[in-house]
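**Student:** This is the structure I want to talk about, given as structure tokens.
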Amino acid sequence: MSTTFYSNGKLFISGEYLVLDGADAFALPTKFGQNLIVENAKDKIIDWKSYDYDNTLWFENTISFDEIINKTDSEIETVKTTLINILHEAYLLNPDFINNSDGYKITTNLTFPRNWGLGTSSTLINNIAQWTKINAFTLLRNSFGGSGYDIACAQNDTPILYKIENNNVEPVDFNPDFTKNIFFVYLNKKQNSKAAIHAYNKHKDQNLAKSVAENNKITNAILHAKTLAEFAKAVERHENHLSDILEIQTIKEKAFPDFNGTIKSLGAWGGDFVMVISKENPAAYFQSKGYETILTYEEMIL
């Protein structure tokens, strides 16, 4: 007898970094995600296997209940120590899943390549929270940290507006007739969110309230754009606004200055996916630059 839990992946469209200081964040859950299958076992251990999108086994280990209860701090961060940390925090929030069990066999399956940055960790945390009957936002805060927008995407099947205060999630309507002009291109540069957040904290200045207000104004314009031109203009404003705060070039200035269209970083700047707004299909342009993974809005977004 097995129980399956599932969580959606995520793309952060606007409000990155500033979300940590109360700004509105607009995010889209993806058609890609991760499941977690739980079966009962014995010997007070968890036999854990994690599979990538192509069914290749990328992590396999055995974790004892004792390791979860009495987590020891490790000098070296590995997949196993990270997993033990999440399970330990889950145990502190609700020990029943350990105290009332003889053991588990757990299997996780991604439906996207795990280097894509669509939420390997957030989908895992949300699945573990569902399984152990705890609050996923609390589990994220106690283990990984971050704003929580990715947990909100994991739990919702529609576009969302998210606020960090009280983990407030508002489903929003975003279905413009120009989604055929929106593409997602994978840059194949994994970004470390913690390092990016550190850089943001270093650069944000005394104008924080003004920056948050400007972000919310731009996010509202992105959400309610009636035409492709309006949408592209609002997205460019957002990109330039954050470029000024972070004191770094936009991805278009840095890597694609000759592209005829709009390009926006998503989430931690400089890696994973970018959103491309273009009148024509931009696949040939990006392929000529060595970027092979280009998805349409329909292929990517739930």
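Here, A, B, ... name the chains of the structure tokens in the order displayed, residue numbers run from 1 inside each chain, and ligands are numbered from 1 in the same displayed order.
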Would you mind listing what lies within 9 Å of Pro113 (chain A) as an mmCIF file with N, CA, C and O atoms, in the first residue's frame, with only C-alpha atoms counted and same-chain residues fewer than 4 positions away left out?
**Tutor:**
data_model
loop_
_atom_site.group_PDB
_atom_site.id
_atom_site.type_symbol
_atom_site.label_atom_id
_atom_site.label_comp_id
_atom_site.auth_asym_id
_atom_site.auth_seq_id
_atom_site.Cartn_x
_atom_site.Cartn_y
_atom_site.Cartn_z
ATOM 1 N N ASP A 52 15.498 11.119 -11.421
ATOM 2 C CA ASP A 52 15.397 12.285 -12.290
ATOM 3 C C ASP A 52 14.264 12.054 -13.295
ATOM 4 O O ASP A 52 13.658 10.977 -13.344
ATOM 5 N N TYR A 53 14.025 13.059 -14.140
ATOM 6 C CA TYR A 53 12.907 13.011 -15.101
ATOM 7 C C TYR A 53 13.005 11.831 -16.069
ATOM 8 O O TYR A 53 11.996 11.353 -16.592
ATOM 9 N N ASP A 54 14.233 11.354 -16.320
ATOM 10 C CA ASP A 54 14.429 10.266 -17.293
ATOM 11 C C ASP A 54 14.567 8.906 -16.601
ATOM 12 O O ASP A 54 15.068 7.953 -17.199
ATOM 13 N N GLY A 117 16.213 24.096 -12.241
ATOM 14 C CA GLY A 117 15.912 25.132 -11.251
ATOM 15 C C GLY A 117 14.435 25.462 -11.131
ATOM 16 O O GLY A 117 14.066 26.575 -10.773
ATOM 17 N N LEU A 118 13.566 24.483 -11.410
ATOM 18 C CA LEU A 118 12.121 24.718 -11.299
ATOM 19 C C LEU A 118 11.570 24.366 -9.921
ATOM 20 O O LEU A 118 10.363 24.438 -9.705
#
**Student:** Need the shell around Lys44 (chain A): protein/DNA/RNA residues with any atom at most 8 Å away, counting only C-alpha atoms. Skip same-chain ones fewer than 5 positions apart. Format as a PyMOL selection string?
**Tutor:** chain A and resi 64-65+101-104
**Student:** Do a neighbour search on Glu299 (chain A) at 10 Å with only C-alpha atoms, toss out local chain neighbours closer than 2 positions, and write the hits as a list in words.
**Tutor:**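 Counting only the stated atoms, we get Thr30, Lys31, Phe32, Phe183, Phe184, Ile294, Leu295, Thr296, Tyr297, Ile301 and Leu302 of chain A.
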**Student:** Do you have, as a Markdown table, the list of residues of region 4-72 of chain A lying at most 10 Å from region 142-155 of chain A, each with its nearest atom pair and that distance in Å to one decimal, counting only C-alpha atoms and ordered by chain then number?
**Tutor:**
| residue | atom | partner | partner_atom | distance |
| --- | --- | --- | --- | --- |
| A:Tyr6 | CA | A:Ala154 | CA | 8.3 |
| A:Ser7 | CA | A:Ala154 | CA | 4.7 |
| A:Asn8 | CA | A:Ala154 | CA | 4.2 |
| A:Gly9 | CA | A:Ala154 | CA | 5.9 |
| A:Lys10 | CA | A:Cys153 | CA | 5.7 |
| A:Leu11 | CA | A:Asp150 | CA | 8.0 |
| A:Phe12 | CA | A:Tyr149 | CA | 8.0 |
| A:Glu16 | CA | A:Ser147 | CA | 9.3 |
| A:Tyr17 | CA | A:Ser147 | CA | 8.7 |
| A:Leu18 | CA | A:Ser147 | CA | 9.6 |
| A:Val19 | CA | A:Ser147 | CA | 6.7 |
| A:Leu20 | CA | A:Ser147 | CA | 5.7 |
| A:Asp21 | CA | A:Ser147 | CA | 9.2 |
| A:Gly22 | CA | A:Ser147 | CA | 9.4 |
| A:Ala25 | CA | A:Tyr149 | CA | 7.5 |
| A:Phe26 | CA | A:Tyr149 | CA | 8.7 |
| A:Ala27 | CA | A:Cys153 | CA | 7.1 |
| A:Leu28 | CA | A:Cys153 | CA | 6.6 |
| A:Pro29 | CA | A:Cys153 | CA | 4.9 |
| A:Thr30 | CA | A:Cys153 | CA | 8.1 |
| A:Gly33 | CA | A:Ala154 | CA | 8.0 |
| A:Gln34 | CA | A:Ala154 | CA | 9.3 |
**Student:** Take the selection from the previous step and output its residues with C-alpha atoms, as an mmCIF file, in the first residue's frame.
**Tutor:**
data_model
loop_
_atom_site.group_PDB
_atom_site.id
_atom_site.type_symbol
_atom_site.label_atom_id
_atom_site.label_comp_id
_atom_site.auth_asym_id
_atom_site.auth_seq_id
_atom_site.Cartn_x
_atom_site.Cartn_y
_atom_site.Cartn_z
ATOM 1 C CA TYR A 6 2.712 15.768 -5.718
ATOM 2 C CA SER A 7 3.874 19.408 -5.921
ATOM 3 C CA ASN A 8 4.182 21.874 -8.812
ATOM 4 C CA GLY A 9 7.387 23.521 -9.925
ATOM 5 C CA LYS A 10 7.633 27.320 -10.165
ATOM 6 C CA LEU A 11 8.790 30.320 -12.157
ATOM 7 C CA PHE A 12 9.237 33.709 -10.503
ATOM 8 C CA GLU A 16 12.325 38.674 -7.002
ATOM 9 C CA TYR A 17 14.589 39.761 -4.136
ATOM 10 C CA LEU A 18 12.191 42.547 -3.068
ATOM 11 C CA VAL A 19 9.648 39.890 -2.035
ATOM 12 C CA LEU A 20 11.890 39.321 1.010
ATOM 13 C CA ASP A 21 11.085 42.882 2.121
ATOM 14 C CA GLY A 22 7.325 42.687 1.629
ATOM 15 C CA ALA A 25 5.579 38.629 -6.091
ATOM 16 C CA PHE A 26 3.954 37.339 -9.271
ATOM 17 C CA ALA A 27 4.710 33.680 -9.941
ATOM 18 C CA LEU A 28 3.506 30.873 -12.170
ATOM 19 C CA PRO A 29 3.260 27.177 -11.259
ATOM 20 C CA THR A 30 4.670 24.922 -13.977
ATOM 21 C CA GLY A 33 6.912 19.035 -10.690
ATOM 22 C CA GLN A 34 7.859 16.195 -8.369
#
**Student:** Which residues, written as a JSON list (two decimals) with N, CA and C atoms, in the first residue's frame, have at least one atom at most 9 Å from Lys189 (chain A), with only C-alpha atoms counted and residues fewer than 2 positions away on the same chain left out?
**Tutor:**
[["chain", "number", "residue", "atom", "x", "y", "z"],
["A", 115, "ASN", "N", 18.51, 19.97, -12.91],
["A", 115, "ASN", "CA", 19.34, 21.19, -13.00],
["A", 115, "ASN", "C", 18.56, 22.38, -13.58],
["A", 116, "TRP", "N", 17.30, 22.19, -13.94],
["A", 116, "TRP", "CA", 16.52, 23.29, -14.52],
["A", 116, "TRP", "C", 16.19, 24.39, -13.52],
["A", 186, "TYR", "N", 16.40, 28.14, -21.23],
["A", 186, "TYR", "CA", 17.25, 27.66, -20.14],
["A", 186, "TYR", "C", 18.70, 28.05, -20.41],
["A", 187, "LEU", "N", 19.29, 28.79, -19.45],
["A", 187, "LEU", "CA", 20.66, 29.29, -19.62],
["A", 187, "LEU", "C", 21.74, 28.32, -19.14],
["A", 191, "GLN", "N", 21.98, 28.78, -10.40],
["A", 191, "GLN", "CA", 22.23, 29.89, -9.49],
["A", 191, "GLN", "C", 22.02, 29.45, -8.04],
["A", 270, "GLY", "N", 20.89, 35.62, -13.43],
["A", 270, "GLY", "CA", 22.09, 35.08, -14.07],
["A", 270, "GLY", "C", 22.07, 33.61, -14.36],
["A", 271, "GLY", "N", 20.99, 32.92, -14.01],
["A", 271, "GLY", "CA", 21.01, 31.47, -14.24],
["A", 271, "GLY", "C", 19.64, 30.91, -14.49],
["A", 272, "ASP", "N", 19.58, 29.59, -14.60],
["A", 272, "ASP", "CA", 18.31, 28.88, -14.81],
["A", 272, "ASP", "C", 17.57, 29.45, -16.03],
["A", 273, "PHE", "N", 16.28, 29.73, -15.92],
["A", 273, "PHE", "CA", 15.49, 30.18, -17.08],
["A", 273, "PHE", "C", 15.38, 31.70, -17.16]]
**Student:** Could you name the residues that touch Asn260 (chain A) at 10 Å or less, counting only C-alpha atoms, but leaving out those on the same chain fewer than 4 positions away, as a list of chain:residue names?
**Tutor:**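 What passes the distance filter is A:Phe256, A:Ile277, A:Ser278, A:Lys279, A:Glu280, A:Pro282, A:Tyr285.
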**Student:** Rounded to one decimal place, report the CA of Ile128 (chain A)-CA of Thr4 (chain A) distance in Å.
**Tutor:**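 Taking CA of Ile128 (chain A) and CA of Thr4 (chain A), their separation equals 10.8 Å.
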**Student:** Show me, as a tab-separated table (two decimals) with all heavy atoms, in the first residue's frame, the residues that have an atom within 10 Å of region 232-246 of chain A when counting only C-alpha atoms, minus same-chain residues fewer than 6 positions from it.
**Tutor:**
chain	number	residue	atom	x	y	z
A	13	ILE	N	8.09	35.39	-11.83
A	13	ILE	CA	7.99	36.34	-12.94
A	13	ILE	C	8.36	37.76	-12.52
A	13	ILE	O	9.10	38.45	-13.21
A	13	ILE	CB	6.57	36.31	-13.56
A	13	ILE	CG1	6.20	34.88	-13.99
A	13	ILE	CG2	6.48	37.26	-14.75
A	13	ILE	CD1	7.13	34.25	-15.01
A	14	SER	N	7.85	38.23	-11.39
A	14	SER	CA	8.24	39.57	-10.93
A	14	SER	C	8.21	39.65	-9.41
A	14	SER	O	7.46	38.94	-8.76
A	14	SER	CB	7.33	40.64	-11.54
A	14	SER	OG	6.06	40.62	-10.92
A	15	GLY	N	9.06	40.53	-8.87
A	15	GLY	CA	9.13	40.70	-7.43
A	15	GLY	C	10.29	39.99	-6.77
A	15	GLY	O	10.40	39.98	-5.54
A	16	GLU	N	11.18	39.39	-7.58
A	16	GLU	CA	12.32	38.67	-7.00
A	16	GLU	C	13.17	39.60	-6.13
A	16	GLU	O	13.23	40.81	-6.38
A	16	GLU	CB	13.17	38.00	-8.09
A	16	GLU	CG	13.86	38.90	-9.07
A	16	GLU	CD	13.04	39.23	-10.30
A	16	GLU	OE1	11.80	39.23	-10.22
A	16	GLU	OE2	13.64	39.52	-11.34
A	17	TYR	N	13.79	39.04	-5.15
A	17	TYR	CA	14.59	39.76	-4.14
A	17	TYR	C	13.71	40.66	-3.25
A	17	TYR	O	13.66	40.48	-2.04
A	17	TYR	CB	15.71	40.59	-4.78
A	17	TYR	CG	16.68	39.76	-5.58
A	17	TYR	CD1	16.71	39.81	-6.97
A	17	TYR	CD2	17.57	38.88	-4.94
A	17	TYR	CE1	17.58	39.02	-7.70
A	17	TYR	CE2	18.45	38.10	-5.68
A	17	TYR	CZ	18.44	38.17	-7.05
A	17	TYR	OH	19.31	37.38	-7.77
A	18	LEU	N	13.01	41.61	-3.86
A	18	LEU	CA	12.19	42.55	-3.07
A	18	LEU	C	11.07	41.85	-2.30
A	18	LEU	O	10.57	42.37	-1.30
A	18	LEU	CB	11.62	43.64	-3.98
A	18	LEU	CG	12.65	44.66	-4.49
A	18	LEU	CD1	12.15	45.39	-5.71
A	18	LEU	CD2	13.02	45.65	-3.39
A	182	ILE	N	5.33	34.42	-25.56
A	182	ILE	CA	6.17	34.28	-24.36
A	182	ILE	C	6.86	32.92	-24.40
A	182	ILE	O	6.21	31.89	-24.60
A	182	ILE	CB	5.33	34.41	-23.08
A	182	ILE	CG1	4.61	35.76	-23.03
A	182	ILE	CG2	6.21	34.24	-21.84
A	182	ILE	CD1	3.63	35.92	-21.86
A	196	ALA	N	22.74	34.84	-4.13
A	196	ALA	CA	22.06	35.95	-4.80
A	196	ALA	C	21.36	36.85	-3.78
A	196	ALA	O	21.39	38.08	-3.89
A	196	ALA	CB	21.05	35.41	-5.80
A	199	ALA	N	23.86	39.04	-2.05
A	199	ALA	CA	24.25	40.17	-2.91
A	199	ALA	C	23.17	41.26	-2.87
A	199	ALA	O	23.47	42.45	-2.81
A	199	ALA	CB	24.47	39.70	-4.34
A	200	TYR	N	21.91	40.83	-2.89
A	200	TYR	CA	20.79	41.79	-2.83
A	200	TYR	C	20.83	42.56	-1.51
A	200	TYR	O	20.72	43.80	-1.49
A	200	TYR	CB	19.46	41.05	-2.97
A	200	TYR	CG	18.26	41.85	-2.51
A	200	TYR	CD1	17.79	42.93	-3.25
A	200	TYR	CD2	17.59	41.53	-1.32
A	200	TYR	CE1	16.69	43.67	-2.83
A	200	TYR	CE2	16.50	42.26	-0.89
A	200	TYR	CZ	16.05	43.32	-1.65
A	200	TYR	OH	14.97	44.05	-1.22
A	201	ASN	N	21.01	41.85	-0.41
A	201	ASN	CA	21.02	42.50	0.90
A	201	ASN	C	22.15	43.52	1.03
A	201	ASN	O	22.04	44.52	1.72
A	201	ASN	CB	21.13	41.46	2.02
A	201	ASN	CG	19.81	40.73	2.23
A	201	ASN	OD1	18.74	41.29	2.02
A	201	ASN	ND2	19.88	39.47	2.64
A	202	LYS	N	23.24	43.22	0.33
A	202	LYS	CA	24.40	44.11	0.37
A	202	LYS	C	24.11	45.41	-0.41
A	202	LYS	O	24.60	46.47	-0.07
A	202	LYS	CB	25.61	43.38	-0.24
A	202	LYS	CG	26.95	43.95	0.18
A	202	LYS	CD	28.09	43.02	-0.24
A	202	LYS	CE	28.29	43.07	-1.74
A	202	LYS	NZ	29.44	42.24	-2.17
A	203	HIS	N	23.30	45.28	-1.46
A	203	HIS	CA	23.10	46.42	-2.36
A	203	HIS	C	21.84	47.25	-2.09
A	203	HIS	O	21.75	48.39	-2.51
A	203	HIS	CB	23.07	45.95	-3.82
A	203	HIS	CG	24.42	45.61	-4.36
A	203	HIS	ND1	24.81	44.32	-4.60
A	203	HIS	CD2	25.48	46.38	-4.67
A	203	HIS	CE1	26.06	44.32	-5.06
A	203	HIS	NE2	26.48	45.54	-5.10
A	204	LYS	N	20.85	46.64	-1.43
A	204	LYS	CA	19.61	47.41	-1.22
A	204	LYS	C	19.93	48.60	-0.31
A	204	LYS	O	20.68	48.49	0.65
A	204	LYS	CB	18.49	46.54	-0.66
A	204	LYS	CG	18.70	46.06	0.75
A	204	LYS	CD	17.54	45.15	1.17
A	204	LYS	CE	17.71	44.71	2.61
A	204	LYS	NZ	16.69	43.78	3.03
A	205	ASP	N	19.35	49.73	-0.61
A	205	ASP	CA	19.75	50.95	0.09
A	205	ASP	C	18.63	51.54	0.92
A	205	ASP	O	17.65	50.87	1.25
A	205	ASP	CB	20.27	51.98	-0.92
A	205	ASP	CG	19.20	52.30	-1.97
A	205	ASP	OD1	18.03	51.92	-1.75
A	205	ASP	OD2	19.52	52.94	-2.99
A	207	ASN	N	16.40	53.49	0.09
A	207	ASN	CA	15.15	53.70	-0.66
A	207	ASN	C	14.28	52.45	-0.73
A	207	ASN	O	13.53	52.27	-1.68
A	207	ASN	CB	15.46	54.18	-2.09
A	207	ASN	CG	16.14	55.53	-2.08
A	207	ASN	OD1	15.80	56.38	-1.27
A	207	ASN	ND2	17.10	55.71	-2.96
A	208	LEU	N	14.39	51.59	0.26
A	208	LEU	CA	13.72	50.28	0.18
A	208	LEU	C	12.20	50.43	0.02
A	208	LEU	O	11.61	49.78	-0.84
A	208	LEU	CB	14.05	49.45	1.42
A	208	LEU	CG	13.55	48.00	1.39
A	208	LEU	CD1	14.12	47.26	0.18
A	208	LEU	CD2	13.95	47.28	2.66
A	211	SER	N	11.46	51.41	-3.40
A	211	SER	CA	11.73	50.31	-4.33
A	211	SER	C	10.59	49.28	-4.31
A	211	SER	O	10.19	48.76	-5.35
A	211	SER	CB	13.04	49.62	-3.97
A	211	SER	OG	14.13	50.47	-4.18
A	214	GLU	N	7.57	50.75	-6.07
A	214	GLU	CA	7.78	50.74	-7.52
A	214	GLU	C	7.60	49.33	-8.08
A	214	GLU	O	6.98	49.12	-9.13
A	214	GLU	CB	9.18	51.27	-7.83
A	214	GLU	CG	9.58	51.26	-9.31
A	214	GLU	CD	8.79	52.24	-10.18
A	214	GLU	OE1	7.99	53.04	-9.64
A	214	GLU	OE2	8.95	52.16	-11.41
A	215	ASN	N	8.13	48.34	-7.36
A	215	ASN	CA	7.96	46.94	-7.77
A	215	ASN	C	6.48	46.60	-7.88
A	215	ASN	O	6.04	45.97	-8.85
A	215	ASN	CB	8.64	46.01	-6.77
A	215	ASN	CG	8.27	44.55	-7.02
A	215	ASN	OD1	8.88	43.86	-7.81
A	215	ASN	ND2	7.22	44.06	-6.36
A	216	ASN	N	5.70	46.98	-6.87
A	216	ASN	CA	4.28	46.62	-6.86
A	216	ASN	C	3.53	47.29	-8.01
A	216	ASN	O	2.63	46.69	-8.61
A	216	ASN	CB	3.65	47.01	-5.51
A	216	ASN	CG	4.22	46.19	-4.36
A	216	ASN	OD1	5.01	45.27	-4.58
A	216	ASN	ND2	3.84	46.53	-3.14
A	217	LYS	N	3.93	48.51	-8.32
A	217	LYS	CA	3.32	49.23	-9.44
A	217	LYS	C	3.63	48.52	-10.77
A	217	LYS	O	2.76	48.32	-11.60
A	217	LYS	CB	3.90	50.66	-9.45
A	217	LYS	CG	3.16	51.67	-10.28
A	217	LYS	CD	3.73	53.05	-10.01
A	217	LYS	CE	3.51	53.98	-11.19
A	217	LYS	NZ	4.25	55.24	-11.00
A	218	ILE	N	4.90	48.13	-10.92
A	218	ILE	CA	5.31	47.44	-12.17
A	218	ILE	C	4.65	46.06	-12.26
A	218	ILE	O	4.17	45.65	-13.33
A	218	ILE	CB	6.84	47.31	-12.25
A	218	ILE	CG1	7.51	48.68	-12.29
A	218	ILE	CG2	7.24	46.51	-13.50
A	218	ILE	CD1	9.03	48.65	-12.12
A	219	THR	N	4.62	45.34	-11.14
A	219	THR	CA	4.01	44.01	-11.12
A	219	THR	C	2.54	44.10	-11.52
A	219	THR	O	2.03	43.27	-12.29
A	219	THR	CB	4.16	43.36	-9.74
A	219	THR	OG1	5.55	43.12	-9.51
A	219	THR	CG2	3.41	42.04	-9.65
A	220	ASN	N	1.85	45.12	-11.03
A	220	ASN	CA	0.45	45.33	-11.39
A	220	ASN	C	0.31	45.60	-12.89
A	220	ASN	O	-0.60	45.08	-13.54
A	220	ASN	CB	-0.10	46.52	-10.58
A	220	ASN	CG	-1.59	46.67	-10.77
A	220	ASN	OD1	-2.37	45.75	-10.49
A	220	ASN	ND2	-2.02	47.82	-11.27
A	221	ALA	N	1.26	46.35	-13.45
A	221	ALA	CA	1.25	46.64	-14.90
A	221	ALA	C	1.50	45.36	-15.71
A	221	ALA	O	0.87	45.14	-16.75
A	221	ALA	CB	2.30	47.70	-15.22
A	222	ILE	N	2.40	44.51	-15.22
A	222	ILE	CA	2.68	43.23	-15.89
A	222	ILE	C	1.43	42.36	-15.90
A	222	ILE	O	1.06	41.77	-16.91
A	222	ILE	CB	3.86	42.50	-15.20
A	222	ILE	CG1	5.19	43.22	-15.50
A	222	ILE	CG2	3.94	41.04	-15.63
A	222	ILE	CD1	6.37	42.71	-14.68
A	223	LEU	N	0.79	42.29	-14.75
A	223	LEU	CA	-0.40	41.44	-14.59
A	223	LEU	C	-1.58	41.89	-15.45
A	223	LEU	O	-2.34	41.06	-15.93
A	223	LEU	CB	-0.84	41.46	-13.13
A	223	LEU	CG	-0.59	40.22	-12.28
A	223	LEU	CD1	-1.04	40.47	-10.85
A	223	LEU	CD2	-1.29	39.01	-12.86
A	224	HIS	N	-1.70	43.21	-15.62
A	224	HIS	CA	-2.90	43.72	-16.29
A	224	HIS	C	-2.63	44.27	-17.69
A	224	HIS	O	-3.50	44.96	-18.25
A	224	HIS	CB	-3.57	44.79	-15.41
A	224	HIS	CG	-4.07	44.24	-14.11
A	224	HIS	ND1	-3.40	44.40	-12.92
A	224	HIS	CD2	-5.15	43.46	-13.84
A	224	HIS	CE1	-4.06	43.78	-11.96
A	224	HIS	NE2	-5.13	43.20	-12.48
A	225	ALA	N	-1.48	43.97	-18.25
A	225	ALA	CA	-1.17	44.43	-19.61
A	225	ALA	C	-2.18	43.86	-20.61
A	225	ALA	O	-2.48	42.67	-20.58
A	225	ALA	CB	0.24	44.00	-19.98
A	252	LYS	N	19.98	40.77	-20.79
A	252	LYS	CA	20.00	41.14	-22.21
A	252	LYS	C	21.25	41.96	-22.53
A	252	LYS	O	21.94	41.71	-23.52
A	252	LYS	CB	18.73	41.91	-22.60
A	252	LYS	CG	18.69	42.22	-24.10
A	252	LYS	CD	17.39	42.84	-24.56
A	252	LYS	CE	17.46	43.15	-26.05
A	252	LYS	NZ	16.25	43.78	-26.57
A	261	GLY	N	13.80	41.87	-29.07
A	261	GLY	CA	12.71	41.46	-28.18
A	261	GLY	C	13.11	41.73	-26.74
A	261	GLY	O	14.13	42.36	-26.48
A	262	THR	N	12.31	41.27	-25.82
A	262	THR	CA	12.54	41.54	-24.39
A	262	THR	C	12.97	40.24	-23.70
A	262	THR	O	12.43	39.17	-23.97
A	262	THR	CB	11.24	42.07	-23.75
A	262	THR	OG1	10.87	43.27	-24.41
A	262	THR	CG2	11.42	42.34	-22.26
A	263	ILE	N	13.95	40.36	-22.80
A	263	ILE	CA	14.43	39.20	-22.04
A	263	ILE	C	14.44	39.57	-20.57
A	263	ILE	O	14.94	40.63	-20.19
A	263	ILE	CB	15.84	38.76	-22.48
A	263	ILE	CG1	15.88	38.49	-23.99
A	263	ILE	CG2	16.28	37.51	-21.71
A	263	ILE	CD1	17.27	38.17	-24.52
A	264	LYS	N	13.89	38.69	-19.74
A	264	LYS	CA	13.84	38.96	-18.31
A	264	LYS	C	14.40	37.79	-17.50
A	264	LYS	O	14.03	36.66	-17.72
A	264	LYS	CB	12.40	39.23	-17.86
A	264	LYS	CG	12.36	39.68	-16.40
A	264	LYS	CD	10.96	39.68	-15.82
A	264	LYS	CE	11.04	40.13	-14.36
A	264	LYS	NZ	11.95	39.30	-13.55
A	265	SER	N	15.29	38.11	-16.56
A	265	SER	CA	15.76	37.09	-15.62
A	265	SER	C	14.59	36.66	-14.73
A	265	SER	O	13.72	37.46	-14.40
A	265	SER	CB	16.88	37.66	-14.73
A	265	SER	OG	18.04	37.88	-15.50
A	266	LEU	N	14.60	35.39	-14.35
A	266	LEU	CA	13.55	34.86	-13.47
A	266	LEU	C	14.21	34.31	-12.22
A	266	LEU	O	15.10	33.46	-12.30
A	266	LEU	CB	12.77	33.76	-14.18
A	266	LEU	CG	12.11	34.15	-15.51
A	266	LEU	CD1	11.44	32.94	-16.14
A	266	LEU	CD2	11.09	35.27	-15.32
A	269	TRP	N	19.19	36.15	-10.36
A	269	TRP	CA	19.67	36.67	-11.64
A	269	TRP	C	20.90	35.92	-12.13
A	269	TRP	O	21.80	35.60	-11.37
A	269	TRP	CB	20.00	38.16	-11.50
A	269	TRP	CG	18.80	39.02	-11.73
A	269	TRP	CD1	17.52	38.74	-11.38
A	269	TRP	CD2	18.77	40.31	-12.35
A	269	TRP	NE1	16.68	39.77	-11.73
A	269	TRP	CE2	17.42	40.75	-12.33
A	269	TRP	CE3	19.74	41.13	-12.90
A	269	TRP	CZ2	17.03	41.98	-12.86
A	269	TRP	CZ3	19.35	42.35	-13.42
A	269	TRP	CH2	18.01	42.77	-13.41
A	275	MET	N	12.75	34.60	-19.24
A	275	MET	CA	11.52	34.74	-20.02
A	275	MET	C	11.81	35.63	-21.22
A	275	MET	O	12.41	36.70	-21.07
A	275	MET	CB	10.42	35.36	-19.16
A	275	MET	CG	9.11	35.57	-19.91
A	275	MET	SD	7.74	36.07	-18.82
A	275	MET	CE	8.26	37.74	-18.37
A	276	VAL	N	11.40	35.18	-22.38
A	276	VAL	CA	11.64	35.91	-23.62
A	276	VAL	C	10.30	36.32	-24.22
A	276	VAL	O	9.39	35.50	-24.35
A	276	VAL	CB	12.44	35.04	-24.62
A	276	VAL	CG1	12.58	35.74	-25.96
A	276	VAL	CG2	13.79	34.68	-24.04
A	277	ILE	N	10.19	37.59	-24.57
A	277	ILE	CA	8.99	38.10	-25.23
A	277	ILE	C	9.39	38.51	-26.64
A	277	ILE	O	10.27	39.34	-26.83
A	277	ILE	CB	8.42	39.31	-24.46
A	277	ILE	CG1	8.14	38.92	-22.99
A	277	ILE	CG2	7.15	39.83	-25.12
A	277	ILE	CD1	8.00	40.11	-22.07
A	278	SER	N	8.75	37.87	-27.61
A	278	SER	CA	9.19	38.06	-28.99
A	278	SER	C	8.01	37.92	-29.95
A	278	SER	O	7.15	37.06	-29.77
A	278	SER	CB	10.26	37.01	-29.32
A	278	SER	OG	10.64	37.07	-30.67
**Student:** With only C-alpha atoms as the basis for distance, which of A:Asn181, A:Asn168, A:Asn175, A:Asn40 is at the shortest distance from Leu228 (chain A)?
**Tutor:**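 Distance minimum relative to Leu228 (chain A) lands on A:Asn181.
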**Student:** I need the residues of region 18-85 of chain A that end up classed as strand (DSSP E or B) by DSSP on the backbone, written out as a PyMOL selection string.
**Tutor:** chain A and resi 25-40+45-51+57-64
**Student:** Which residues, written as a PyMOL selection string, have at least one atom at most 12 Å from Leu139 (chain A), with only C-alpha atoms counted and residues fewer than 2 positions away on the same chain left out?
**Tutor:** chain A and resi 85-94+121-122+124-130+132-137+141-146+148+151
**Student:** Counting only C-alpha atoms, figure out which residue out of A:Ile164, A:Ile69, A:Val79, A:Leu140 gets nearest to Asp96 (chain A).
**Tutor:**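 Of A:Ile164, A:Ile69, A:Val79, A:Leu140, the one nearest Asp96 (chain A) is A:Ile69, counting only C-alpha atoms.
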**Student:** Considering only C-alpha atoms, can you say which of A:Thr179, A:Asn35, A:Thr111, A:Thr78 comes closest to Phe231 (chain A)?
**Tutor:** A:Thr179
